[in-house]
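Since the structure comes first, as structure tokens, the remarks are kept for the end.
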Amino acid sequence: MIPVRIELRKTGFDGFAEVQEYRKSIPAVSDYGACSNFVGTMREYNQGDQVVSMYLEHYSGMTEEQLEAIVGKAQNDYEVLAALLLHRIGEVQPGEDIVAIAVWSTHRKDAFAACRDIMEALKSTAPFWKKEQLQNEDRWVKNNSPGQ
Amino acid sequence: MIPVRIELRKTGFDGFAEVQEYRKSIPAVSDYGACSNFVGTMREYNQGDQVVSMYLEHYSGMTEEQLEAIVGKAQNDYEVLAALLLHRIGEVQPGEDIVAIAVWSTHRKDAFAACRDIMEALKSTAPFWKKEQLQNEDRWVKNNSPGQ
Amino acid sequence: MAIKVRFFASLREQTGISRKQIAADGLETVSDLWLAVTEAPLDETTLVAVNKTYVGPDYQITDGDEVAFFPPITGG
Amino acid sequence: MAIKVRFFASLREQTGISRKQIAADGLETVSDLWLAVTEAPLDETTLVAVNKTYVGPDYQITDGDEVAFFPPITGG
């Protein structure tokens with residue numbers, strides 16, 4: 001069994017610190033020579049408006065199952081020696097991390113491709129919805145643009 | 001001026017800890033929503049042989065200039081809001097990180113592409129040479145395969 | 001038959017329904033179910049999951065199903 | 001003219017030369033320089049930099065140049 005951790009987190013985290021910590025839990029000197037890591041962070045401005053805070057809704061049970069399927073597909077398509085997928089839920093403040101993905105592989109090609117594919121699949125199939133609190137109103141974010 | 005740090009390091013480092021630290025030096029709540037990060041680590045085995053340690057030679061002056069040109073090209077080709085490029089030199093042990101690249105952008109597309117391009121350019125144009133110490137002999141690594 | 005219907009995000013706010021148990025006798029597909037609950041035709045941008053798996057608008061519902069309707073997802 | 005020649009990595013070990021000052025009078029290109037120093041033709045896999053910039057095998061050397069020869073690079 002390769003090490004995989006998938007987690008929804010209610011409280012703030014530093015994506016890079018999480019990846020660093022996670023790596024300590026997998027064999028120290030292993031066959032991995034490459035790690036591609038992605039960290040998505042809440043911006044203060046979206047579509048020209050200042051965002052005071054954001055609420056991340058999810059579908060408990062289905063969201064976890066989708067994330068497992070997404071990482072499973074990457075393991076199927078690429079050489080994945082270890083993987084971490086951490087996603088924030090609940091109330092989020094600007095500057096806080098929303099998602100952290102890390103994929104370890106022997107070489108960079110598979111690490112980059114698997115990390116990228118997981119991120120794209122997460123954006124298109126994992127049930128999360130963002131509601132932005134602006135200064136005078138709330139709004140649901142309409143949709144994610146593919147590949148942007 | 002966007003924040004860019006390029007550094008050759010003689011001593012061991014944790015790539016993720018470096019990226020985490022570096023992020024603290026750039027504006028905390030900024031326009032960046034995406035960071036693509038790559039960490040390359042020395043493997044214990046290469047081409048079927050156990051590698052006891054490795055020596056990373058470089059061309060002082062030219063290596064730094066090449067790395068600056070590589071990051072400069074990425075800034076030209078993509079929206080880059082901040083970038084870190086850290087590369088090990090000298091004696092390296094298995095399990096130690098060799099290279100850490102991090103690129104911040106507003107959206108993931110540019111972050112992923114810039115990080116990937118920097119890594120490919122580094123592998124093909126930055127003057128570094130690896131000499132592996134095996135158990136009974138030394139050998140120079142022959143070449144980097146494009147995109148692997 | 002008994003169907004558990006759930007709405008998420010903007011659809012939850014628009015319908016005013018988070019979760020609801022429906023006696024869905026005479027209904028065949030998830031589209032029928034949507035029409036019965038919201039009194040409007042199912043929009044093609046609306047995503048549907050039955051028992052936490054994505055399905056198409058013509059998916060046949062059966063007794064005990066949990067049917068969820070939600071808008072385009074915006075995570076990551 | 002005075003040229004500073006440098007060899008790196010496996011080429012440094014093969015030639016036994018790390019850096020060397022050459023009176024390169026009569027030599028025109030970096031290929032000529034290589035031939036004069038190593039007594040063999042320049043291999044097409046060998047990389048050449050003049051004053052820390054990559055150049056081709058026909059690059060004309062001038063007084064004071066630092067010419068470096070090295071094998072394919074293997075960083076990252």
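Labels for the structure tokens follow display order: chains A, B, ..., residues from 1 in each chain, ligands from 1.
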Any idea what's packed within 7 Å of Val50 of chain C, counting only C-alpha atoms, ignoring anything in its chain fewer than 6 positions away? Could you give it as a count of residues only? 4
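All chain D residues having an atom within 7 Å of chain B, based on only C-alpha atoms, amount to Ala9, Ser10, Lys52, Pro72, Ile73, Thr74, Gly75 and Gly76 of chain D.
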Keeping N, CA and C atoms for every residue in the selection just given, could you write it to a file as a short mmCIF file (atom, residue, chain, number, x, y, z; two decimals), in the first residue's frame?
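Now in part-v7.cif:
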```
data_model
loop_
_atom_site.label_atom_id
_atom_site.label_comp_id
_atom_site.auth_asym_id
_atom_site.auth_seq_id
_atom_site.Cartn_x
_atom_site.Cartn_y
_atom_site.Cartn_z
N ALA D 9 33.75 19.12 -14.82
CA ALA D 9 33.22 17.76 -14.60
C ALA D 9 34.10 16.71 -15.29
N SER D 10 33.50 15.80 -16.07
CA SER D 10 34.27 14.70 -16.65
C SER D 10 35.35 15.21 -17.60
N LYS D 52 30.77 32.94 -20.04
CA LYS D 52 29.59 32.44 -19.31
C LYS D 52 28.30 32.49 -20.11
N PRO D 72 27.35 17.30 -21.17
CA PRO D 72 25.92 17.57 -20.93
C PRO D 72 25.66 17.77 -19.44
N ILE D 73 24.76 18.69 -19.13
CA ILE D 73 24.55 19.05 -17.73
C ILE D 73 23.54 18.09 -17.09
N THR D 74 23.67 17.94 -15.78
CA THR D 74 22.87 16.93 -15.08
C THR D 74 22.36 17.44 -13.74
N GLY D 75 21.93 18.69 -13.71
CA GLY D 75 21.43 19.25 -12.46
C GLY D 75 19.97 18.93 -12.22
N GLY D 76 19.43 19.52 -11.17
CA GLY D 76 17.99 19.40 -10.87
C GLY D 76 17.64 18.12 -10.17
#
```
Could you please tell me, as number ranges by chain, which residues of chain B have an atom within 7 Å of chain A when using only C-alpha atoms? B: 16-17, 19-20, 28-44, 94-95, 107-109, 147-148
Neighbour list for Ser18 of chain D as a list of chain:residue names, cut-off 8 Å, only C-alpha atoms, skip fewer than 6 positions in-chain: D:Arg6, D:Phe7, D:Phe8, D:Arg12
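Coordinates place atom CA of Lys24 of chain B at a distance of 18.9 Å from atom CA of Val92 of chain A.
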Please extract the residues of segment 7-74 of chain D with a backbone DSSP assignment of helix (DSSP H, G or I) and present them as a list in words. Ala9, Ser10, Leu11, Arg12, Glu13, Gln14, Thr15, Val30, Ser31, Asp32, Leu33, Trp34, Leu35, Ala36, Val37 and Thr38 of chain D
Emit the selected residues as a short mmCIF file (atom, residue, chain, number, x, y, z; two decimals), in the first residue's frame, including C-alpha atoms.
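Written output follows (out.cif):
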```cif
data_model
loop_
_atom_site.label_atom_id
_atom_site.label_comp_id
_atom_site.auth_asym_id
_atom_site.auth_seq_id
_atom_site.Cartn_x
_atom_site.Cartn_y
_atom_site.Cartn_z
CA ALA D 9 33.22 17.76 -14.60
CA SER D 10 34.27 14.70 -16.65
CA LEU D 11 36.15 16.91 -19.16
CA ARG D 12 38.19 18.38 -16.33
CA GLU D 13 39.12 14.88 -15.20
CA GLN D 14 39.86 13.65 -18.75
CA THR D 15 42.06 16.61 -19.70
CA VAL D 30 36.35 27.71 -29.95
CA SER D 31 36.73 24.48 -31.97
CA ASP D 32 40.28 25.50 -32.90
CA LEU D 33 41.00 26.19 -29.25
CA TRP D 34 39.67 22.78 -28.19
CA LEU D 35 41.82 21.06 -30.85
CA ALA D 36 44.92 22.99 -29.80
CA VAL D 37 44.49 22.05 -26.13
CA THR D 38 43.18 18.47 -26.33
#
```
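Take atom CA of Asp58 of chain C and atom CA of Thr45 of chain C: the distance between them is 14.5 Å.
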Which neighbours of Asp25 of chain D fall inside 10 Å, counting only C-alpha atoms, when residues of the same chain fewer than 6 positions from it are skipped, and could you give them as an MDAnalysis selection string? chainID D and resid 1:3 33 62:63
Store the residues picked out above in a file with N, CA and C atoms, as a PDB file, in the first residue's frame.
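Contents of the output file selection.pdb:
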```pdb
ATOM      1  N   MET D   1      47.007  36.271 -28.642  1.00  0.00           N
ATOM      2  CA  MET D   1      45.997  36.745 -27.674  1.00  0.00           C
ATOM      3  C   MET D   1      45.913  35.784 -26.487  1.00  0.00           C
ATOM      4  N   ALA D   2      45.441  36.319 -25.346  1.00  0.00           N
ATOM      5  CA  ALA D   2      45.376  35.523 -24.119  1.00  0.00           C
ATOM      6  C   ALA D   2      43.944  35.040 -23.895  1.00  0.00           C
ATOM      7  N   ILE D   3      43.792  33.714 -23.806  1.00  0.00           N
ATOM      8  CA  ILE D   3      42.476  33.108 -23.576  1.00  0.00           C
ATOM      9  C   ILE D   3      42.547  32.283 -22.298  1.00  0.00           C
ATOM     10  N   LEU D  33      40.427  26.142 -30.598  1.00  0.00           N
ATOM     11  CA  LEU D  33      41.002  26.188 -29.253  1.00  0.00           C
ATOM     12  C   LEU D  33      40.978  24.794 -28.615  1.00  0.00           C
ATOM     13  N   THR D  62      38.113  36.024 -28.925  1.00  0.00           N
ATOM     14  CA  THR D  62      38.890  37.268 -28.958  1.00  0.00           C
ATOM     15  C   THR D  62      39.693  37.402 -27.663  1.00  0.00           C
ATOM     16  N   ASP D  63      40.675  38.232 -27.721  1.00  0.00           N
ATOM     17  CA  ASP D  63      41.599  38.409 -26.599  1.00  0.00           C
ATOM     18  C   ASP D  63      40.860  38.643 -25.280  1.00  0.00           C
TER      19      ASP D  63
END
```
Those of segment 7-66 of chain D in DSSP strand (DSSP E), formatted as a PDB file with N, CA, C and O atoms, in the first residue's frame:
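Output file out34.pdb follows:
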```
ATOM      1  N   PHE D   7      37.760  23.711 -18.015  1.00  0.00           N
ATOM      2  CA  PHE D   7      37.058  22.437 -18.246  1.00  0.00           C
ATOM      3  C   PHE D   7      36.305  22.068 -16.970  1.00  0.00           C
ATOM      4  O   PHE D   7      36.806  22.302 -15.862  1.00  0.00           O
ATOM      5  N   ARG D  19      41.664  24.972 -15.059  1.00  0.00           N
ATOM      6  CA  ARG D  19      41.736  26.257 -15.772  1.00  0.00           C
ATOM      7  C   ARG D  19      43.164  26.494 -16.243  1.00  0.00           C
ATOM      8  O   ARG D  19      44.113  26.100 -15.573  1.00  0.00           O
ATOM      9  N   LYS D  20      43.284  27.115 -17.390  1.00  0.00           N
ATOM     10  CA  LYS D  20      44.606  27.291 -17.997  1.00  0.00           C
ATOM     11  C   LYS D  20      44.612  28.535 -18.867  1.00  0.00           C
ATOM     12  O   LYS D  20      43.648  28.799 -19.587  1.00  0.00           O
ATOM     13  N   GLN D  21      45.681  29.314 -18.774  1.00  0.00           N
ATOM     14  CA  GLN D  21      45.839  30.508 -19.614  1.00  0.00           C
ATOM     15  C   GLN D  21      46.560  30.079 -20.893  1.00  0.00           C
ATOM     16  O   GLN D  21      47.590  29.400 -20.827  1.00  0.00           O
ATOM     17  N   ILE D  22      45.998  30.417 -22.061  1.00  0.00           N
ATOM     18  CA  ILE D  22      46.582  29.992 -23.338  1.00  0.00           C
ATOM     19  C   ILE D  22      46.946  31.220 -24.182  1.00  0.00           C
ATOM     20  O   ILE D  22      46.136  32.142 -24.289  1.00  0.00           O
ATOM     21  N   ALA D  23      48.135  31.169 -24.805  1.00  0.00           N
ATOM     22  CA  ALA D  23      48.463  32.185 -25.817  1.00  0.00           C
ATOM     23  C   ALA D  23      47.913  31.640 -27.125  1.00  0.00           C
ATOM     24  O   ALA D  23      48.525  30.795 -27.767  1.00  0.00           O
ATOM     25  N   LEU D  47      29.538  20.941 -24.564  1.00  0.00           N
ATOM     26  CA  LEU D  47      28.964  22.290 -24.525  1.00  0.00           C
ATOM     27  C   LEU D  47      30.074  23.309 -24.356  1.00  0.00           C
ATOM     28  O   LEU D  47      31.088  23.044 -23.698  1.00  0.00           O
ATOM     29  N   VAL D  48      29.883  24.483 -24.969  1.00  0.00           N
ATOM     30  CA  VAL D  48      30.898  25.532 -24.922  1.00  0.00           C
ATOM     31  C   VAL D  48      30.254  26.843 -24.472  1.00  0.00           C
ATOM     32  O   VAL D  48      29.176  27.214 -24.956  1.00  0.00           O
ATOM     33  N   ALA D  49      30.922  27.520 -23.547  1.00  0.00           N
ATOM     34  CA  ALA D  49      30.463  28.849 -23.125  1.00  0.00           C
ATOM     35  C   ALA D  49      31.623  29.821 -23.230  1.00  0.00           C
ATOM     36  O   ALA D  49      32.757  29.484 -22.873  1.00  0.00           O
ATOM     37  N   VAL D  50      31.357  30.988 -23.767  1.00  0.00           N
ATOM     38  CA  VAL D  50      32.373  32.051 -23.783  1.00  0.00           C
ATOM     39  C   VAL D  50      31.865  33.185 -22.899  1.00  0.00           C
ATOM     40  O   VAL D  50      30.745  33.673 -23.079  1.00  0.00           O
ATOM     41  N   THR D  53      28.442  32.538 -21.443  1.00  0.00           N
ATOM     42  CA  THR D  53      27.262  32.456 -22.317  1.00  0.00           C
ATOM     43  C   THR D  53      27.485  31.315 -23.304  1.00  0.00           C
ATOM     44  O   THR D  53      28.575  31.185 -23.861  1.00  0.00           O
ATOM     45  N   TYR D  54      26.427  30.498 -23.515  1.00  0.00           N
ATOM     46  CA  TYR D  54      26.547  29.388 -24.465  1.00  0.00           C
ATOM     47  C   TYR D  54      26.857  29.906 -25.869  1.00  0.00           C
ATOM     48  O   TYR D  54      26.295  30.916 -26.313  1.00  0.00           O
ATOM     49  N   VAL D  55      27.771  29.211 -26.565  1.00  0.00           N
ATOM     50  CA  VAL D  55      28.080  29.555 -27.963  1.00  0.00           C
ATOM     51  C   VAL D  55      28.163  28.271 -28.779  1.00  0.00           C
ATOM     52  O   VAL D  55      28.256  27.174 -28.224  1.00  0.00           O
ATOM     53  N   GLU D  66      37.027  34.131 -21.674  1.00  0.00           N
ATOM     54  CA  GLU D  66      37.057  32.924 -20.847  1.00  0.00           C
ATOM     55  C   GLU D  66      36.230  31.879 -21.578  1.00  0.00           C
ATOM     56  O   GLU D  66      35.028  32.069 -21.789  1.00  0.00           O
TER      57      GLU D  66
END
```
